[in-house]
>>> print(open('protein_10.cif').read())   # mmCIF, C-alpha atoms
data_my_file
#
loop_
_atom_site.group_PDB
_atom_site.id
_atom_site.type_symbol
_atom_site.label_atom_id
_atom_site.label_comp_id
_atom_site.auth_asym_id
_atom_site.auth_seq_id
_atom_site.Cartn_x
_atom_site.Cartn_y
_atom_site.Cartn_z
ATOM 1 C CA GLN T 13 -12.637 -1.097 14.458
ATOM 2 C CA VAL T 14 -10.273 -2.230 11.746
ATOM 3 C CA GLN T 15 -6.695 -3.371 12.191
ATOM 4 C CA LEU T 16 -4.221 -3.267 9.330
ATOM 5 C CA VAL T 17 -0.826 -4.951 9.357
ATOM 6 C CA GLU T 18 1.691 -4.428 6.575
ATOM 7 C CA SER T 19 4.573 -6.694 5.695
ATOM 8 C CA GLY T 20 7.020 -7.316 2.883
ATOM 9 C CA GLY T 21 9.255 -4.282 3.005
ATOM 10 C CA GLY T 22 13.020 -4.471 2.853
ATOM 11 C CA LEU T 23 16.188 -3.437 1.079
ATOM 12 C CA VAL T 24 16.417 -3.964 -2.663
ATOM 13 C CA GLN T 25 18.684 -2.754 -5.444
ATOM 14 C CA ALA T 26 17.408 -0.395 -8.100
ATOM 15 C CA GLY T 27 15.545 -2.311 -10.752
ATOM 16 C CA GLY T 28 14.447 -4.960 -8.291
ATOM 17 C CA SER T 29 11.014 -5.947 -7.036
ATOM 18 C CA LEU T 30 9.153 -6.270 -3.766
ATOM 19 C CA ARG T 31 5.618 -7.286 -2.863
ATOM 20 C CA LEU T 32 3.945 -5.645 0.084
ATOM 21 C CA SER T 33 0.986 -7.176 1.884
ATOM 22 C CA CYS T 34 -1.643 -5.580 4.103
ATOM 23 C CA ALA T 35 -3.791 -7.905 6.180
ATOM 24 C CA ALA T 36 -7.044 -6.516 7.543
ATOM 25 C CA SER T 37 -8.942 -7.735 10.579
ATOM 26 C CA GLY T 38 -11.819 -6.489 12.698
ATOM 27 C CA SER T 39 -14.890 -4.989 11.032
ATOM 28 C CA ILE T 40 -13.685 -6.038 7.617
ATOM 29 C CA PHE T 41 -17.173 -6.459 6.188
ATOM 30 C CA SER T 42 -17.376 -2.652 6.150
ATOM 31 C CA ILE T 43 -14.226 -2.200 4.094
ATOM 32 C CA ASN T 44 -14.642 -0.947 0.549
ATOM 33 C CA ALA T 45 -11.636 0.785 -0.952
ATOM 34 C CA MET T 46 -8.132 0.234 0.317
ATOM 35 C CA ASP T 47 -5.122 2.407 -0.368
ATOM 36 C CA TRP T 48 -1.366 2.290 -0.264
ATOM 37 C CA TYR T 49 0.420 5.468 0.772
ATOM 38 C CA ARG T 50 4.090 6.206 1.198
ATOM 39 C CA GLN T 51 6.131 8.782 3.042
ATOM 40 C CA ALA T 52 9.707 9.514 2.115
ATOM 41 C CA PRO T 53 12.059 11.267 4.558
ATOM 42 C CA GLY T 54 11.267 14.954 4.735
ATOM 43 C CA LYS T 55 8.252 14.635 2.451
ATOM 44 C CA GLN T 56 4.514 14.511 2.893
ATOM 45 C CA ARG T 57 2.657 11.243 2.823
ATOM 46 C CA GLU T 58 1.365 10.582 -0.683
ATOM 47 C CA LEU T 59 -1.236 8.265 -2.172
ATOM 48 C CA VAL T 60 0.348 5.553 -4.296
ATOM 49 C CA ALA T 61 -2.524 3.287 -5.319
ATOM 50 C CA THR T 62 -6.167 2.533 -4.582
ATOM 51 C CA ILE T 63 -8.325 -0.513 -5.146
ATOM 52 C CA THR T 64 -12.071 -0.818 -4.608
ATOM 53 C CA ARG T 65 -13.873 -3.919 -3.396
ATOM 54 C CA GLY T 66 -14.838 -4.556 -6.986
ATOM 55 C CA GLY T 67 -11.240 -4.390 -8.136
ATOM 56 C CA ASN T 68 -11.118 -0.972 -9.782
ATOM 57 C CA THR T 69 -7.674 0.535 -9.412
ATOM 58 C CA ASN T 70 -5.995 3.906 -9.596
ATOM 59 C CA TYR T 71 -2.310 4.854 -9.398
ATOM 60 C CA ALA T 72 -0.113 7.846 -8.854
ATOM 61 C CA GLY T 73 1.597 8.903 -12.042
ATOM 62 C CA SER T 74 5.023 8.225 -10.588
ATOM 63 C CA VAL T 75 4.303 4.501 -10.142
ATOM 64 C CA LYS T 76 1.931 3.766 -13.005
ATOM 65 C CA GLY T 77 3.233 0.896 -15.086
ATOM 66 C CA ARG T 78 5.604 -0.257 -12.340
ATOM 67 C CA PHE T 79 3.344 -0.963 -9.357
ATOM 68 C CA THR T 80 0.260 -3.157 -9.256
ATOM 69 C CA ILE T 81 -2.305 -3.151 -6.473
ATOM 70 C CA SER T 82 -4.496 -6.205 -5.970
ATOM 71 C CA ARG T 83 -6.681 -7.698 -3.280
ATOM 72 C CA ASP T 84 -7.811 -11.079 -2.101
ATOM 73 C CA ASN T 85 -11.171 -10.522 -0.438
ATOM 74 C CA ALA T 86 -11.251 -14.083 0.872
ATOM 75 C CA LYS T 87 -7.990 -13.453 2.742
ATOM 76 C CA ASN T 88 -8.833 -9.826 3.595
ATOM 77 C CA THR T 89 -5.471 -8.863 2.190
ATOM 78 C CA VAL T 90 -4.301 -6.179 -0.205
ATOM 79 C CA TYR T 91 -1.036 -6.413 -2.074
ATOM 80 C CA LEU T 92 1.278 -3.961 -3.766
ATOM 81 C CA GLN T 93 3.595 -5.513 -6.324
ATOM 82 C CA MET T 94 6.443 -3.113 -6.989
ATOM 83 C CA ASN T 95 8.683 -3.661 -9.996
ATOM 84 C CA SER T 96 11.504 -1.631 -11.536
ATOM 85 C CA LEU T 97 12.109 0.028 -8.197
ATOM 86 C CA LYS T 98 14.028 3.291 -8.113
ATOM 87 C CA PRO T 99 15.951 4.962 -5.286
ATOM 88 C CA GLU T 100 13.244 7.625 -5.171
ATOM 89 C CA ASP T 101 10.752 4.925 -4.183
ATOM 90 C CA THR T 102 12.496 4.694 -0.814
ATOM 91 C CA ALA T 103 9.845 5.384 1.816
ATOM 92 C CA VAL T 104 7.715 3.943 4.563
ATOM 93 C CA PHE T 105 4.670 2.379 2.927
ATOM 94 C CA TYR T 106 1.311 2.355 4.716
ATOM 95 C CA CYS T 107 -2.016 0.815 3.890
ATOM 96 C CA ARG T 108 -5.180 2.664 4.763
ATOM 97 C CA THR T 109 -8.907 2.240 4.641
ATOM 98 C CA VAL T 110 -11.840 4.399 5.658
ATOM 99 C CA VAL T 111 -14.825 2.888 7.450
ATOM 100 C CA ALA T 112 -17.793 4.985 8.563
ATOM 101 C CA GLY T 113 -15.735 8.109 8.066
ATOM 102 C CA ILE T 114 -12.830 6.920 10.194
ATOM 103 C CA ALA T 115 -9.434 6.384 8.594
ATOM 104 C CA TYR T 116 -7.459 3.364 9.730
ATOM 105 C CA TRP T 117 -3.749 3.040 9.078
ATOM 106 C CA GLY T 118 -1.256 0.251 9.402
ATOM 107 C CA GLN T 119 2.033 0.686 11.221
ATOM 108 C CA GLY T 120 4.006 0.976 7.980
ATOM 109 C CA THR T 121 6.746 -1.054 6.352
ATOM 110 C CA GLN T 122 10.080 0.361 5.240
ATOM 111 C CA VAL T 123 11.138 0.050 1.612
ATOM 112 C CA THR T 124 14.698 1.054 0.798
ATOM 113 C CA VAL T 125 15.997 1.038 -2.764
ATOM 114 C CA SER T 126 19.746 1.322 -3.201
ATOM 115 C CA SER T 127 21.349 2.737 -6.326
#
>>> encode(input="protein_10.cif", output="structure tokens")
Amino acid sequence: QVQLVESGGGLVQAGGSLRLSCAASGSIFSINAMDWYRQAPGKQRELVATITRGGNTNYAGSVKGRFTISRDNAKNTVYLQMNSLKPEDTAVFYCRTVVAGIAYWGQGTQVTVSS
């Protein structure tokens, strides 16, 4: 069992920044890659960024160059630094990991970007 808790969302003006955090607990020794997803109103959930235990990263094209995913293995926490935010980034952001074939999701944190 893995528990994920996101924090750091909020309301920000276009061009601003936010940093999301995802704290993991439970069977964390089994965690390898961790992901950030987002779901905008009326849209499907989409993968935003991934980071492996070794620190390799991958990003969706829409956020590349603006968002940075990082992790602190000692704190069992993954971060998503979001810069140059746009109104179209407005969504609920979720972190996710897969352990032994089971996907675990956090409860989500709302990010709202005003124009």
>>> atom_distance(input="protein_10.cif", atom1="CA of Pro99 in chain T", atom2="CA of Ala115 in chain T")
29.0 Å
>>> closest_residue(input="protein_10.cif", among="T:Ser19, T:Ser126, T:Ser33, T:Gln13", to="Asn88 in chain T", atoms="all atoms listed in the file")
T:Ser33
>>> atom_distance(input="protein_10.cif", atom1="CA of Gly73 in chain T", atom2="CA of Lys55 in chain T")
16.9 Å
>>> atom_distance(input="protein_10.cif", atom1="CA of Val90 in chain T", atom2="CA of Thr69 in chain T")
11.9 Å
>>> closest_residue(input="protein_10.cif", among="T:Ala52, T:Ala72, T:Ile43, T:Leu97", to="Gly28 in chain T", atoms="all atoms listed in the file")
T:Leu97
>>> closest_atom_pairs(input="protein_10.cif", of="range 22-65 of chain T", to="range 117-124 of chain T", cutoff="7 Å", atoms="all atoms listed in the file", output="Markdown table")
| residue | atom | partner | partner_atom | distance |
| --- | --- | --- | --- | --- |
| T:Gly22 | CA | T:Val123 | CA | 5.1 |
| T:Leu23 | CA | T:Thr124 | CA | 4.7 |
| T:Val24 | CA | T:Thr124 | CA | 6.3 |
>>> closest_residue(input="protein_10.cif", among="T:Ala35, T:Val14, T:Ala112, T:Val104", to="Tyr49 in chain T", atoms="all atoms listed in the file")
T:Val104
>>> resolve_selection(input="protein_10.cif", expression="the PyMOL selection byres ((chain T and resi 15) around 7)", output="number ranges by chain")
T: 13-14, 16-17, 36-38
>>> closest_residue(input="protein_10.cif", among="T:Gly20, T:Arg31, T:Gly113, T:Phe105", to="Gln93 in chain T", atoms="only C-alpha atoms")
T:Arg31
>>> residues_around(input="protein_10.cif", residues="range 74-85 of chain T", least_positions_apart="5", cutoff="8 Å", atoms="only C-alpha atoms", output="VMD selection string")
chain T and resid 60 to 63 65 67 69 90 to 97
>>> axis_aligned_box(input="protein_10.cif", around="range 77-92 of chain T", padding_each_side="3 Å", output="lines of an AutoDock Vina configuration file")
center_x = -2.8
center_y = -6.6
center_z = -5.7
size_x = 22.9
size_y = 21.0
size_z = 24.7
>>> residues_around(input="protein_10.cif", residues="Leu59 in chain T", least_positions_apart="6", cutoff="10 Å", atoms="all atoms listed in the file", output="PyMOL selection string")
chain T and resi 47-51+70-72+105-108
>>> closest_residue(input="protein_10.cif", among="T:Ala103, T:Leu30, T:Thr89, T:Glu18", to="Gln56 in chain T", atoms="only C-alpha atoms")
T:Ala103
>>> closest_residue(input="protein_10.cif", among="T:Ser39, T:Asn68, T:Asn44, T:Gln25", to="Lys98 in chain T", atoms="all atoms listed in the file")
T:Gln25
>>> decode(input="protein_10.cif", residues="range 29-105 of chain T", atoms="C-alpha atoms", output="PDB file, in the first residue's frame")
ATOM      1  CA  SER T  29       4.677  30.190 -10.564  1.00  0.00           C
ATOM      2  CA  LEU T  30       3.611  27.450  -8.192  1.00  0.00           C
ATOM      3  CA  ARG T  31       5.378  24.445  -6.712  1.00  0.00           C
ATOM      4  CA  LEU T  32       3.408  21.300  -6.077  1.00  0.00           C
ATOM      5  CA  SER T  33       4.538  18.620  -3.652  1.00  0.00           C
ATOM      6  CA  CYS T  34       3.581  14.958  -3.406  1.00  0.00           C
ATOM      7  CA  ALA T  35       4.516  13.141  -0.219  1.00  0.00           C
ATOM      8  CA  ALA T  36       4.570   9.352  -0.328  1.00  0.00           C
ATOM      9  CA  SER T  37       4.149   6.988   2.593  1.00  0.00           C
ATOM     10  CA  GLY T  38       3.573   3.276   3.057  1.00  0.00           C
ATOM     11  CA  SER T  39       5.518   0.777   0.953  1.00  0.00           C
ATOM     12  CA  ILE T  40       7.740   3.497  -0.420  1.00  0.00           C
ATOM     13  CA  PHE T  41      10.746   1.227  -0.867  1.00  0.00           C
ATOM     14  CA  SER T  42       8.891  -0.270  -3.843  1.00  0.00           C
ATOM     15  CA  ILE T  43       8.397   3.051  -5.597  1.00  0.00           C
ATOM     16  CA  ASN T  44      10.352   3.631  -8.783  1.00  0.00           C
ATOM     17  CA  ALA T  45       8.892   6.164 -11.178  1.00  0.00           C
ATOM     18  CA  MET T  46       6.493   8.851 -10.076  1.00  0.00           C
ATOM     19  CA  ASP T  47       4.249  10.917 -12.301  1.00  0.00           C
ATOM     20  CA  TRP T  48       2.279  14.118 -12.277  1.00  0.00           C
ATOM     21  CA  TYR T  49      -1.011  14.120 -14.159  1.00  0.00           C
ATOM     22  CA  ARG T  50      -3.600  16.822 -14.594  1.00  0.00           C
ATOM     23  CA  GLN T  51      -7.254  16.940 -15.510  1.00  0.00           C
ATOM     24  CA  ALA T  52      -8.878  20.088 -16.787  1.00  0.00           C
ATOM     25  CA  PRO T  53     -12.669  20.529 -16.698  1.00  0.00           C
ATOM     26  CA  GLY T  54     -14.298  18.488 -19.424  1.00  0.00           C
ATOM     27  CA  LYS T  55     -11.016  16.917 -20.505  1.00  0.00           C
ATOM     28  CA  GLN T  56      -9.297  13.604 -19.999  1.00  0.00           C
ATOM     29  CA  ARG T  57      -6.575  13.199 -17.438  1.00  0.00           C
ATOM     30  CA  GLU T  58      -3.190  13.689 -19.082  1.00  0.00           C
ATOM     31  CA  LEU T  59       0.381  12.866 -18.125  1.00  0.00           C
ATOM     32  CA  VAL T  60       2.402  15.993 -17.406  1.00  0.00           C
ATOM     33  CA  ALA T  61       5.773  14.740 -16.186  1.00  0.00           C
ATOM     34  CA  THR T  62       7.573  11.616 -15.009  1.00  0.00           C
ATOM     35  CA  ILE T  63      10.669  11.067 -12.920  1.00  0.00           C
ATOM     36  CA  THR T  64      12.421   7.775 -12.214  1.00  0.00           C
ATOM     37  CA  ARG T  65      14.163   6.860  -8.978  1.00  0.00           C
ATOM     38  CA  GLY T  66      17.421   7.654 -10.704  1.00  0.00           C
ATOM     39  CA  GLY T  67      16.231  11.107 -11.682  1.00  0.00           C
ATOM     40  CA  ASN T  68      15.495  10.646 -15.377  1.00  0.00           C
ATOM     41  CA  THR T  69      12.660  12.907 -16.437  1.00  0.00           C
ATOM     42  CA  ASN T  70      10.149  13.223 -19.232  1.00  0.00           C
ATOM     43  CA  TYR T  71       7.596  15.952 -19.974  1.00  0.00           C
ATOM     44  CA  ALA T  72       4.522  16.561 -22.035  1.00  0.00           C
ATOM     45  CA  GLY T  73       5.227  18.882 -24.919  1.00  0.00           C
ATOM     46  CA  SER T  74       2.811  21.475 -23.600  1.00  0.00           C
ATOM     47  CA  VAL T  75       4.828  22.000 -20.400  1.00  0.00           C
ATOM     48  CA  LYS T  76       8.381  21.347 -21.543  1.00  0.00           C
ATOM     49  CA  GLY T  77      10.602  24.273 -20.665  1.00  0.00           C
ATOM     50  CA  ARG T  78       8.113  25.634 -18.128  1.00  0.00           C
ATOM     51  CA  PHE T  79       7.649  22.800 -15.626  1.00  0.00           C
ATOM     52  CA  THR T  80      10.337  20.905 -13.749  1.00  0.00           C
ATOM     53  CA  ILE T  81       9.795  17.639 -11.915  1.00  0.00           C
ATOM     54  CA  SER T  82      12.193  16.652  -9.147  1.00  0.00           C
ATOM     55  CA  ARG T  83      12.299  14.273  -6.221  1.00  0.00           C
ATOM     56  CA  ASP T  84      13.857  14.042  -2.813  1.00  0.00           C
ATOM     57  CA  ASN T  85      14.200  10.340  -2.082  1.00  0.00           C
ATOM     58  CA  ALA T  86      15.215  11.016   1.511  1.00  0.00           C
ATOM     59  CA  LYS T  87      11.922  12.848   2.081  1.00  0.00           C
ATOM     60  CA  ASN T  88       9.895  10.523  -0.172  1.00  0.00           C
ATOM     61  CA  THR T  89       8.584  13.594  -1.922  1.00  0.00           C
ATOM     62  CA  VAL T  90       8.189  14.574  -5.554  1.00  0.00           C
ATOM     63  CA  TYR T  91       7.866  18.163  -6.661  1.00  0.00           C
ATOM     64  CA  LEU T  92       6.520  19.928  -9.711  1.00  0.00           C
ATOM     65  CA  GLN T  93       7.845  23.440 -10.192  1.00  0.00           C
ATOM     66  CA  MET T  94       5.554  25.279 -12.576  1.00  0.00           C
ATOM     67  CA  ASN T  95       6.699  28.547 -14.118  1.00  0.00           C
ATOM     68  CA  SER T  96       5.205  30.833 -16.763  1.00  0.00           C
ATOM     69  CA  LEU T  97       1.772  29.470 -15.976  1.00  0.00           C
ATOM     70  CA  LYS T  98      -0.990  29.924 -18.527  1.00  0.00           C
ATOM     71  CA  PRO T  99      -4.773  29.879 -18.117  1.00  0.00           C
ATOM     72  CA  GLU T 100      -4.825  26.591 -20.020  1.00  0.00           C
ATOM     73  CA  ASP T 101      -2.782  25.035 -17.213  1.00  0.00           C
ATOM     74  CA  THR T 102      -5.845  25.296 -14.978  1.00  0.00           C
ATOM     75  CA  ALA T 103      -6.594  21.775 -13.769  1.00  0.00           C
ATOM     76  CA  VAL T 104      -6.584  19.402 -10.848  1.00  0.00           C
ATOM     77  CA  PHE T 105      -3.074  17.993 -10.553  1.00  0.00           C
TER      78      PHE T 105
END
